[in-house]
$ cat entry-v9.tsv   # TSV, C-alpha atoms
chain	number	residue	atom	x	y	z
A	1	MET	CA	121.48	108.20	93.03
A	2	VAL	CA	122.69	108.29	96.64
A	3	ASP	CA	124.45	105.07	97.67
A	4	PRO	CA	125.03	104.86	101.46
A	5	GLN	CA	124.66	101.08	101.68
A	6	VAL	CA	128.25	100.39	102.81
A	7	ALA	CA	129.64	103.46	104.61
A	8	GLY	CA	126.41	105.19	105.61
A	9	VAL	CA	126.00	108.95	105.34
A	10	SER	CA	126.99	112.07	107.23
A	11	GLY	CA	126.56	115.71	106.34
A	12	ASP	CA	130.18	116.25	105.33
A	13	MET	CA	130.25	113.01	103.30
A	14	PHE	CA	127.24	114.16	101.29
A	15	LEU	CA	128.69	117.64	100.76
A	16	CYS	CA	132.07	116.25	99.71
A	17	SER	CA	130.51	113.76	97.29
A	18	LEU	CA	128.95	116.73	95.47
A	19	LEU	CA	132.32	118.51	95.37
A	20	ASP	CA	133.89	115.40	93.89
A	21	MET	CA	131.08	115.33	91.34
A	22	GLY	CA	131.92	118.83	90.15
A	23	ALA	CA	130.59	121.51	92.50
A	24	ASP	CA	133.08	124.35	93.04
A	25	PRO	CA	134.99	123.77	96.35
A	26	GLY	CA	136.22	127.37	96.51
A	27	ARG	CA	132.75	128.82	96.09
A	28	VAL	CA	131.23	126.47	98.64
A	29	ARG	CA	134.01	127.20	101.15
A	30	SER	CA	133.61	130.97	100.80
A	31	ARG	CA	129.84	130.71	101.27
A	32	ILE	CA	130.24	128.68	104.44
A	33	LEU	CA	132.78	131.12	105.86
A	34	GLU	CA	130.59	134.09	104.93
A	35	CYS	CA	127.87	132.96	107.32
A	36	ALA	CA	129.88	130.92	109.83
A	37	ASP	CA	129.35	133.52	112.58
A	38	LEU	CA	125.66	132.58	112.67
A	39	ALA	CA	126.52	129.17	114.15
A	40	GLY	CA	127.64	130.75	117.43
A	41	GLN	CA	131.16	129.42	116.88
A	42	ARG	CA	134.28	130.71	115.15
A	43	ILE	CA	135.61	128.49	112.37
A	44	THR	CA	139.39	128.36	112.71
A	45	ARG	CA	140.00	125.95	109.85
A	46	LEU	CA	137.95	124.79	106.87
A	47	GLU	CA	139.61	122.83	104.10
A	48	PHE	CA	138.43	120.54	101.34
A	49	ALA	CA	141.08	118.16	100.05
A	50	ARG	CA	141.40	114.92	98.14
A	51	VAL	CA	142.01	111.93	100.42
A	52	ARG	CA	142.00	108.15	100.13
A	53	ARG	CA	139.68	105.85	102.04
A	54	GLY	CA	140.15	102.11	101.59
A	55	GLY	CA	141.97	102.71	98.32
A	56	VAL	CA	139.23	105.00	96.95
A	57	SER	CA	140.08	108.60	96.02
A	58	ALA	CA	137.50	110.96	97.51
A	59	PHE	CA	136.95	114.50	98.71
A	60	GLY	CA	137.14	115.08	102.45
A	61	MET	CA	136.44	118.05	104.73
A	62	GLU	CA	138.49	119.27	107.68
A	63	LEU	CA	136.70	121.74	109.95
A	64	GLU	CA	137.81	123.12	113.30
A	65	ALA	CA	135.83	125.63	115.36
A	66	GLU	CA	135.85	127.33	118.75
A	67	GLY	CA	132.97	128.35	120.97
A	68	PRO	CA	129.79	126.95	122.57
A	69	THR	CA	128.11	123.89	121.03
A	70	SER	CA	124.69	124.07	122.68
A	71	ARG	CA	121.78	126.19	121.50
A	72	THR	CA	118.02	125.92	121.14
A	73	GLY	CA	116.32	124.45	118.13
A	74	ALA	CA	114.69	127.80	117.36
A	75	SER	CA	118.08	129.51	117.37
A	76	MET	CA	119.62	126.94	115.04
A	77	ARG	CA	116.66	127.15	112.68
A	78	GLY	CA	117.07	130.91	112.58
A	79	ALA	CA	120.79	130.63	111.87
A	80	ILE	CA	120.28	128.27	108.94
A	81	GLY	CA	117.47	130.37	107.50
A	82	GLU	CA	119.47	133.59	107.79
A	83	ALA	CA	122.53	131.98	106.23
A	84	ALA	CA	120.55	130.68	103.23
A	85	GLY	CA	119.02	134.11	102.74
A	86	ARG	CA	122.31	135.99	103.15
A	87	LEU	CA	123.95	133.87	100.45
A	88	GLY	CA	121.14	134.38	97.96
A	89	LEU	CA	120.57	130.65	97.46
A	90	SER	CA	117.72	129.56	95.21
A	91	GLY	CA	114.27	129.00	96.62
A	92	ASP	CA	114.76	125.23	96.30
A	93	ALA	CA	118.07	125.42	98.15
A	94	ARG	CA	116.55	127.51	100.96
A	95	ALA	CA	113.66	125.05	101.28
A	96	PHE	CA	116.11	122.14	101.37
A	97	ALA	CA	118.21	123.76	104.11
A	98	ALA	CA	115.09	124.57	106.16
A	99	SER	CA	113.90	120.96	105.78
A	100	CYS	CA	117.26	119.59	106.95
A	101	ILE	CA	117.41	121.64	110.14
A	102	GLY	CA	113.69	121.09	110.69
A	103	ALA	CA	114.21	117.33	110.57
A	104	LEU	CA	117.08	117.59	113.06
A	105	VAL	CA	115.18	119.77	115.51
A	106	GLY	CA	112.00	117.72	115.18
A	107	SER	CA	113.83	114.47	115.89
A	108	GLU	CA	115.44	115.85	119.06
A	109	SER	CA	112.06	117.18	120.16
A	110	ARG	CA	110.42	113.77	119.79
A	111	VAL	CA	113.28	111.85	121.40
A	112	HIS	CA	113.39	114.10	124.47
A	113	GLY	CA	109.70	115.01	124.68
A	114	VAL	CA	110.48	118.74	124.59
A	115	PRO	CA	108.84	121.42	122.35
A	116	GLU	CA	110.83	122.08	119.18
A	117	ASP	CA	111.53	125.74	119.89
A	118	SER	CA	112.98	125.06	123.32
A	119	VAL	CA	114.77	121.74	122.74
A	120	HIS	CA	118.52	122.11	123.13
A	121	LEU	CA	120.81	120.81	120.43
A	122	HIS	CA	124.27	119.65	121.33
A	123	GLU	CA	125.99	117.55	118.65
A	124	ALA	CA	123.94	119.27	115.92
A	125	ALA	CA	124.35	122.84	117.16
A	126	GLY	CA	127.83	123.73	115.95
A	127	ALA	CA	129.46	125.27	112.93
A	128	ASP	CA	129.91	121.82	111.36
A	129	THR	CA	126.12	121.38	111.10
A	130	LEU	CA	125.74	124.77	109.45
A	131	ALA	CA	128.64	123.97	107.12
A	132	ASP	CA	127.14	120.61	106.16
A	133	ILE	CA	123.64	121.92	105.45
A	134	ILE	CA	124.49	125.25	103.83
A	135	GLY	CA	127.38	123.66	101.94
A	136	ALA	CA	125.16	120.87	100.61
A	137	ALA	CA	122.43	123.31	99.58
A	138	SER	CA	124.99	125.50	97.84
A	139	ALA	CA	126.64	122.56	96.04
A	140	MET	CA	123.27	121.24	94.84
A	141	ASP	CA	122.52	124.72	93.47
A	142	ASP	CA	125.88	124.71	91.68
A	143	LEU	CA	125.19	121.34	90.06
A	144	GLY	CA	121.56	122.11	89.20
A	145	LEU	CA	120.33	119.07	91.10
A	146	PHE	CA	117.11	120.50	92.48
A	147	GLY	CA	114.11	119.19	90.60
A	148	GLU	CA	115.88	116.04	89.48
A	149	ARG	CA	114.68	112.56	90.41
A	150	VAL	CA	116.63	111.22	93.41
A	151	VAL	CA	116.91	107.53	94.29
A	152	CYS	CA	118.48	106.34	97.53
A	153	MET	CA	119.85	102.88	98.26
A	154	PRO	CA	119.49	101.29	101.74
A	155	VAL	CA	121.25	103.30	104.45
A	156	ALA	CA	123.96	101.53	106.45
A	157	VAL	CA	123.66	102.66	110.08
A	158	GLY	CA	126.48	100.61	111.60
A	159	ALA	CA	126.34	98.63	114.81
A	160	GLY	CA	127.36	98.70	118.44
A	161	THR	CA	126.68	101.81	120.50
A	162	VAL	CA	126.78	105.55	119.96
A	163	GLU	CA	127.87	108.14	122.53
A	164	PHE	CA	126.06	111.47	122.72
A	165	SER	CA	125.49	114.31	125.18
A	166	HIS	CA	123.21	112.26	127.44
A	167	GLY	CA	125.32	109.13	127.55
A	168	VAL	CA	125.54	105.91	125.54
A	169	MET	CA	122.76	104.16	123.66
A	170	SER	CA	122.47	101.43	121.07
A	171	ASN	CA	123.17	102.36	117.47
A	172	PRO	CA	121.33	103.76	115.52
A	173	GLY	CA	120.45	106.54	117.91
A	174	GLY	CA	116.95	107.81	118.45
A	175	ALA	CA	117.47	110.94	116.35
A	176	VAL	CA	118.42	108.96	113.21
A	177	LEU	CA	115.43	106.66	113.65
A	178	GLU	CA	113.04	109.57	114.14
A	179	ILE	CA	114.38	111.46	111.13
A	180	LEU	CA	114.02	108.49	108.78
A	181	ARG	CA	110.73	107.25	110.22
A	182	GLY	CA	107.97	107.57	107.66
A	183	THR	CA	110.28	108.57	104.78
A	184	GLY	CA	110.35	105.14	103.16
A	185	ALA	CA	114.10	104.87	103.76
A	186	VAL	CA	115.43	101.36	104.36
A	187	ILE	CA	118.10	101.02	107.05
A	188	ARG	CA	120.39	98.13	107.78
A	189	GLY	CA	123.50	97.40	109.80
A	190	GLY	CA	126.89	97.89	108.29
A	191	PRO	CA	130.53	96.94	108.68
A	192	GLY	CA	132.32	97.91	111.86
A	193	GLY	CA	130.89	98.53	115.29
A	194	SER	CA	130.32	102.27	115.14
A	195	GLU	CA	127.85	104.91	113.92
A	196	LEU	CA	127.72	105.17	110.13
A	197	ALA	CA	124.62	107.31	109.62
A	198	THR	CA	124.64	110.60	111.54
A	199	PRO	CA	121.58	112.73	112.31
A	200	THR	CA	122.72	115.41	109.86
A	201	GLY	CA	123.28	112.80	107.15
A	202	ALA	CA	119.88	111.28	107.86
A	203	SER	CA	118.22	114.71	107.70
A	204	ILE	CA	119.74	115.30	104.26
A	205	ILE	CA	118.43	111.93	103.02
A	206	ALA	CA	115.00	112.76	104.43
A	207	SER	CA	115.01	116.21	102.77
A	208	LEU	CA	115.97	115.04	99.28
A	209	GLY	CA	112.49	113.70	98.58
A	210	ALA	CA	114.16	110.52	97.40
A	211	GLU	CA	112.66	107.31	96.15
A	212	HIS	CA	114.08	104.36	98.07
A	213	ALA	CA	115.15	101.30	96.14
A	214	ALA	CA	117.15	98.11	96.55
A	215	SER	CA	118.91	98.42	93.19
A	216	TYR	CA	120.03	101.07	90.73
A	217	PRO	CA	117.49	102.27	88.17
A	218	ALA	CA	118.27	102.01	84.46
A	219	MET	CA	120.41	105.01	83.57
A	220	ARG	CA	123.45	106.20	81.63
A	221	VAL	CA	126.15	107.24	84.12
A	222	GLU	CA	127.31	110.84	83.66
A	223	ALA	CA	129.21	111.64	86.88
A	224	VAL	CA	130.28	109.93	90.11
A	225	GLY	CA	131.26	111.59	93.38
A	226	TYR	CA	132.86	110.09	96.49
A	227	GLY	CA	132.59	111.83	99.85
A	228	ALA	CA	135.04	110.65	102.49
A	229	GLY	CA	134.14	109.76	106.04
A	230	ARG	CA	136.51	111.16	108.63
A	231	ALA	CA	138.06	107.87	109.73
A	232	GLU	CA	139.97	105.15	107.96
A	233	ALA	CA	138.15	101.84	108.25
A	234	ALA	CA	138.38	98.22	107.19
A	235	PHE	CA	136.14	99.13	104.24
A	236	PRO	CA	136.06	102.07	101.80
A	237	ASN	CA	134.58	104.71	104.09
A	238	VAL	CA	133.01	106.78	101.32
A	239	LEU	CA	129.53	107.84	100.32
A	240	LYS	CA	128.96	107.29	96.60
A	241	VAL	CA	126.69	109.62	94.63
A	242	VAL	CA	125.96	108.92	90.96
A	243	ARG	CA	124.37	111.25	88.43
A	244	GLY	CA	122.90	109.82	85.27
A	245	ALA	CA	120.36	110.21	82.52
A	246	GLU	CA	117.37	107.96	82.79
A	247	GLU	CA	117.16	105.31	80.12
A	248	ALA	CA	113.85	105.58	78.35
A	249	ALA	CA	111.82	102.53	79.28
A	250	PRO	CA	108.86	101.10	77.43
A	251	PRO	CA	105.52	101.57	79.15
A	252	ALA	CA	104.88	99.05	81.89
A	253	GLY	CA	101.86	98.03	83.85
A	254	ARG	CA	101.37	95.85	86.90
A	255	VAL	CA	99.66	92.51	86.52
A	256	SER	CA	99.00	89.59	88.84
A	257	VAL	CA	100.21	86.13	87.86
A	258	LEU	CA	98.25	83.17	89.25
A	259	GLU	CA	99.68	79.65	89.15
A	260	THR	CA	98.55	76.29	90.37
A	261	SER	CA	99.63	72.70	89.60
A	262	VAL	CA	97.14	69.85	89.20
A	263	ASP	CA	97.52	66.17	88.39
A	264	ASP	CA	93.99	64.86	88.82
A	265	VAL	CA	91.87	67.02	86.48
A	266	THR	CA	90.42	65.55	83.28
A	267	GLY	CA	91.47	66.71	79.86
A	268	GLU	CA	87.91	67.75	79.12
A	269	ALA	CA	87.89	70.11	82.11
A	270	LEU	CA	91.29	71.56	81.25
A	271	GLY	CA	90.62	71.93	77.53
A	272	GLY	CA	88.18	74.79	77.81
A	273	LEU	CA	89.61	76.29	80.98
A	274	PRO	CA	91.77	79.04	79.37
A	275	ASP	CA	88.80	80.38	77.39
A	276	ARG	CA	86.56	80.32	80.45
A	277	LEU	CA	89.17	82.21	82.47
A	278	VAL	CA	89.59	84.86	79.76
A	279	ASP	CA	85.81	85.20	79.58
A	280	GLY	CA	85.91	85.71	83.34
A	281	GLY	CA	88.32	88.65	83.09
A	282	ALA	CA	91.80	87.14	82.68
A	283	LEU	CA	94.19	88.89	80.32
A	284	ASP	CA	95.78	85.58	79.36
A	285	ALA	CA	95.62	81.94	80.47
A	286	ALA	CA	97.54	78.80	79.60
A	287	VAL	CA	97.74	75.14	80.62
A	288	LEU	CA	101.30	73.75	80.44
A	289	PRO	CA	102.27	70.06	80.71
A	290	GLY	CA	104.80	68.93	83.29
A	291	THR	CA	105.87	66.23	85.70
A	292	GLY	CA	104.82	66.48	89.33
A	293	LYS	CA	105.57	64.67	92.55
A	294	ARG	CA	106.14	60.91	92.41
A	295	GLY	CA	106.71	61.27	88.67
A	296	ARG	CA	103.06	61.78	87.87
A	297	PRO	CA	102.05	63.74	84.75
A	298	SER	CA	100.76	67.14	85.84
A	299	TRP	CA	99.57	70.47	84.47
A	300	LEU	CA	100.66	74.00	85.38
A	301	ILE	CA	97.81	76.47	84.99
A	302	ARG	CA	99.05	80.04	84.60
A	303	VAL	CA	96.76	83.09	84.53
A	304	VAL	CA	97.70	86.75	83.94
A	305	CYS	CA	95.15	89.29	85.13
A	306	ARG	CA	94.68	92.78	86.51
A	307	PRO	CA	95.56	92.91	90.24
A	308	GLY	CA	91.96	93.74	91.14
A	309	ASP	CA	90.72	90.55	89.43
A	310	ALA	CA	93.20	88.19	91.10
A	311	ALA	CA	91.04	87.10	94.03
A	312	GLY	CA	87.99	86.33	91.87
A	313	LEU	CA	89.98	84.37	89.30
A	314	ALA	CA	91.85	82.45	92.02
A	315	GLY	CA	88.48	81.43	93.44
A	316	ARG	CA	87.35	80.32	90.01
A	317	LEU	CA	90.49	78.20	89.59
A	318	ILE	CA	89.82	76.49	92.91
A	319	ARG	CA	86.17	75.82	92.04
A	320	GLU	CA	86.84	74.52	88.52
A	321	THR	CA	89.92	72.36	89.21
A	322	GLY	CA	89.62	71.42	92.89
A	323	THR	CA	93.17	72.65	93.51
A	324	LEU	CA	93.99	73.30	97.15
A	325	GLY	CA	95.86	76.57	96.58
A	326	VAL	CA	96.82	79.24	94.06
A	327	ARG	CA	100.11	81.10	94.04
A	328	VAL	CA	99.76	84.83	93.39
A	329	SER	CA	102.58	87.21	92.46
A	330	VAL	CA	102.67	90.77	91.15
A	331	SER	CA	104.77	91.50	88.11
A	332	GLU	CA	105.45	94.38	85.75
A	333	ARG	CA	104.35	93.84	82.17
A	334	ILE	CA	105.94	95.76	79.30
A	335	GLU	CA	103.14	96.65	76.94
A	336	ALA	CA	103.12	97.75	73.33
A	337	ALA	CA	100.70	100.54	72.52
A	338	ARG	CA	97.60	99.02	70.97
A	339	GLU	CA	94.31	100.02	69.41
A	340	GLU	CA	91.21	98.01	68.52
A	341	ARG	CA	89.87	98.61	65.00
A	342	ARG	CA	87.09	97.23	62.80
A	343	ALA	CA	86.88	96.83	59.04
A	344	THR	CA	84.41	95.52	56.45
A	345	VAL	CA	86.07	93.13	54.02
A	346	ARG	CA	84.69	91.44	50.90
A	347	ILE	CA	85.70	87.81	50.37
A	348	SER	CA	84.21	85.30	47.90
A	349	GLY	CA	81.55	87.82	46.99
A	350	ARG	CA	80.42	88.30	50.59
A	351	SER	CA	80.95	91.11	53.10
A	352	PHE	CA	82.23	90.45	56.62
A	353	ASP	CA	82.80	92.76	59.59
A	354	VAL	CA	86.07	91.85	61.28
A	355	SER	CA	88.09	93.16	64.22
A	356	TYR	CA	91.84	93.56	64.39
A	357	LYS	CA	94.31	95.00	66.88
A	358	VAL	CA	96.98	97.49	65.78
A	359	SER	CA	100.13	97.60	67.91
A	360	GLU	CA	103.28	99.74	67.96
A	361	PHE	CA	106.52	99.15	69.84
A	362	GLY	CA	109.91	100.72	69.25
A	363	GLY	CA	108.67	102.43	66.10
A	364	VAL	CA	107.50	99.14	64.54
A	365	ARG	CA	103.80	98.81	63.73
A	366	GLY	CA	101.82	95.65	63.11
A	367	TYR	CA	98.34	94.24	63.48
A	368	LYS	CA	96.68	90.98	64.39
A	369	ILE	CA	93.28	89.82	63.18
A	370	GLN	CA	90.82	88.51	65.72
A	371	PHE	CA	91.04	84.72	65.37
A	372	ASP	CA	87.31	84.21	65.88
A	373	ASP	CA	86.67	86.41	62.84
A	374	SER	CA	89.14	84.44	60.71
A	375	ARG	CA	87.45	81.21	61.80
A	376	ARG	CA	84.00	82.62	61.03
A	377	VAL	CA	85.00	83.73	57.54
A	378	ALA	CA	86.58	80.32	56.92
A	379	ALA	CA	83.45	78.49	58.03
A	380	GLU	CA	81.13	80.58	55.87
A	381	THR	CA	83.29	80.48	52.73
A	382	GLY	CA	84.67	76.95	52.97
A	383	MET	CA	88.25	78.25	53.10
A	384	ALA	CA	91.02	77.05	55.39
A	385	VAL	CA	91.45	79.31	58.42
A	386	ARG	CA	94.92	80.46	57.36
A	387	ASP	CA	93.66	81.23	53.84
A	388	ALA	CA	90.77	83.22	55.31
A	389	GLU	CA	93.19	85.18	57.48
A	390	ALA	CA	95.40	85.90	54.47
A	391	ALA	CA	92.38	87.12	52.48
A	392	ILE	CA	91.26	89.37	55.33
A	393	ARG	CA	94.78	90.80	55.61
A	394	ARG	CA	94.89	91.59	51.88
A	395	CYS	CA	91.59	93.47	52.17
A	396	ILE	CA	92.77	95.45	55.24
A	397	ASP	CA	96.09	96.29	53.56
A	398	GLY	CA	94.19	97.47	50.49
A	399	GLN	CA	92.11	99.83	52.60
A	400	ALA	CA	95.17	101.37	54.31
$ encode --input "entry-v9.tsv" --output "structure tokens"
Amino acid sequence: MVDPQVAGVSGDMFLCSLLDMGADPGRVRSRILECADLAGQRITRLEFARVRRGGVSAFGMELEAEGPTSRTGASMRGAIGEAAGRLGLSGDARAFAASCIGALVGSESRVHGVPEDSVHLHEAAGADTLADIIGAASAMDDLGLFGERVVCMPVAVGAGTVEFSHGVMSNPGGAVLEILRGTGAVIRGGPGGSELATPTGASIIASLGAEHAASYPAMRVEAVGYGAGRAEAAFPNVLKVVRGAEEAAPPAGRVSVLETSVDDVTGEALGGLPDRLVDGGALDAAVLPGTGKRGRPSWLIRVVCRPGDAAGLAGRLIRETGTLGVRVSVSERIEAAREERRATVRISGRSFDVSYKVSEFGGVRGYKIQFDDSRRVAAETGMAVRDAEAAIRRCIDGQA
């Protein structure tokens, strides 16, 4: 779980959150320094240390480098690829690093209208970009994160303006928007009037193959990492990353729920309506009493159906009740595993074929007899319906 909804995300924040989660800082540092010459700059200082941001203890990175900060996209791609290969990173880590720099180069190409191989990188062409990408790939390898499900919360991008090599533009900059376009990522403003999501941070989010959600999934928390932004702020300037085990969830399916309220439909018309709707394809239907506008007695008609049947059943509701509108919503339904079965039972000296539904949920099994069959047996034997059902159940239990 990557949580950039308050402080946004940058490359060093993501890397440092993984170090705080348990990746080896010494190993990551040595790997970065081993291939630092490929960035076209000389790293003069690289330290990982624990810092505090807004009262939160986090890992932070300090990097200083000397040398030119402009190179072509093709050159930077080559540097990242060579670095990943030189370090012997896993295939997943190499693919991740290539995707990150590819997203950066592609965004600059689209923003400036220049071919990817010849576009010049400025802010993203230095040793810090190589350190962020190679360091993140290395740390993910260390933690065994590749292949795991990744969920990302909405990305705070900040507000105000951002200054880059060509001047000043509104925040978020074009590169961040291009990188996240089409990924499913949700962006929103954030506290403060500055850039919170950097192009390198956005490229990492885009390369994680993450699902994007508005809330945390059900999970058991196993580890938490905080990666510090470089500046102190009026809020905890940290990226939060959470690792957990997914909580096993019961099977769920999507259903449509149709609702309409009526106060001028006869009881005769409403009485058989649920059965007619079920016959027409509804999974369930009910008519519930209530009080409507001006204190008039009213009825809430609620129908559960498969999403593909919603339009047809809504039309049927309108035709049968005269209602002027039907509310439609989509919901998840938790379903017990079920199986239709048939049995031949002998009651009062007569044989009857009956249907029943076997269900299982949470290791508990049960079954329910088709009510129409219980009613039929009762009618033909002169028994009460509940006595007929009990007799059928005894026969089924005896056959088990």
$ residues_around --input "entry-v9.tsv" --residues "region 24-29 of chain A" --least-positions-apart "4" --cutoff "12 Å" --atoms "all atoms listed in the file" --output "MDAnalysis selection string"
chainID A and resid 15:20 33:36 43 45:50 59:63 87 89 130:143
$ residues_near_point --input "entry-v9.tsv" --point "(116.7, 118.6, 93.3)" --cutoff "9 Å" --atoms "all atoms listed in the file" --output "list in words"
Asp92, Ala93, Phe96, Met140, Asp141, Gly144, Leu145, Phe146, Gly147, Glu148, Arg149, Val150, Leu208 and Gly209 of chain A
$ atom_distance --input "entry-v9.tsv" --atom1 "CA of Lys293 (chain A)" --atom2 "CA of Ala310 (chain A)"
26.6 Å
$ atom_distance --input "entry-v9.tsv" --atom1 "CA of Leu313 (chain A)" --atom2 "CA of Leu288 (chain A)"
17.9 Å
$ residues_near_point --input "entry-v9.tsv" --point "(129.8, 99.7, 118.0)" --cutoff "6 Å" --atoms "all atoms listed in the file" --output "list in words"
Ala159, Gly160, Thr161, Gly193 and Ser194 of chain A
$ atom_distance --input "entry-v9.tsv" --atom1 "CA of Val157 (chain A)" --atom2 "CA of Ile204 (chain A)"
14.5 Å
$ residues_around --input "entry-v9.tsv" --residues "Arg365 (chain A)" --least-positions-apart "6" --cutoff "12 Å" --atoms "all atoms listed in the file" --output "ChimeraX atom specification"
/A:336-339,357-359
$ residues_around --input "entry-v9.tsv" --residues "Glu66 (chain A)" --least-positions-apart "4" --cutoff "12 Å" --atoms "only C-alpha atoms" --output "ChimeraX atom specification"
/A:36-37,39-45,126-128
$ decode --input "entry-v9.tsv" --residues "region 322-339 of chain A" --atoms "N, CA and C atoms" --output "CSV table (one decimal), in the first residue's frame"
chain,number,residue,atom,x,y,z
A,322,GLY,N,-46.5,2.4,-12.6
A,322,GLY,CA,-46.7,3.8,-13.0
A,322,GLY,C,-45.8,4.8,-12.3
A,323,THR,N,-44.8,4.3,-11.6
A,323,THR,CA,-43.8,5.2,-11.0
A,323,THR,C,-43.1,6.0,-12.0
A,324,LEU,N,-42.7,7.2,-11.6
A,324,LEU,CA,-42.0,8.1,-12.6
A,324,LEU,C,-40.5,8.0,-12.6
A,325,GLY,N,-39.9,7.1,-11.8
A,325,GLY,CA,-38.5,6.9,-11.8
A,325,GLY,C,-38.0,5.8,-10.9
A,326,VAL,N,-36.9,5.2,-11.3
A,326,VAL,CA,-36.3,4.1,-10.5
A,326,VAL,C,-34.9,4.4,-10.2
A,327,ARG,N,-34.5,4.3,-9.0
A,327,ARG,CA,-33.1,4.6,-8.6
A,327,ARG,C,-32.4,3.3,-8.8
A,328,VAL,N,-31.2,3.4,-9.3
A,328,VAL,CA,-30.3,2.2,-9.6
A,328,VAL,C,-29.0,2.4,-9.0
A,329,SER,N,-28.5,1.5,-8.2
A,329,SER,CA,-27.1,1.5,-7.7
A,329,SER,C,-26.5,0.2,-7.9
A,330,VAL,N,-25.2,0.1,-7.9
A,330,VAL,CA,-24.4,-1.1,-8.0
A,330,VAL,C,-23.8,-1.4,-6.6
A,331,SER,N,-23.9,-2.6,-6.2
A,331,SER,CA,-23.4,-3.0,-4.9
A,331,SER,C,-22.7,-4.4,-5.0
A,332,GLU,N,-21.8,-4.6,-4.1
A,332,GLU,CA,-21.2,-6.0,-4.0
A,332,GLU,C,-22.0,-6.8,-3.0
A,333,ARG,N,-22.2,-8.1,-3.5
A,333,ARG,CA,-23.0,-9.0,-2.7
A,333,ARG,C,-22.1,-10.2,-2.2
A,334,ILE,N,-22.0,-10.4,-0.9
A,334,ILE,CA,-21.2,-11.5,-0.4
A,334,ILE,C,-22.1,-12.8,-0.6
A,335,GLU,N,-21.6,-13.8,-1.2
A,335,GLU,CA,-22.4,-14.9,-1.5
A,335,GLU,C,-21.9,-16.2,-0.9
A,336,ALA,N,-22.7,-17.0,-0.3
A,336,ALA,CA,-22.3,-18.3,0.1
A,336,ALA,C,-22.3,-19.2,-1.1
A,337,ALA,N,-21.4,-20.2,-1.1
A,337,ALA,CA,-21.4,-21.2,-2.2
A,337,ALA,C,-22.7,-22.0,-2.1
A,338,ARG,N,-23.3,-22.2,-3.3
A,338,ARG,CA,-24.6,-23.0,-3.2
A,338,ARG,C,-24.7,-23.9,-4.4
A,339,GLU,N,-25.5,-24.9,-4.2
A,339,GLU,CA,-25.7,-26.0,-5.2
A,339,GLU,C,-27.2,-26.5,-5.2
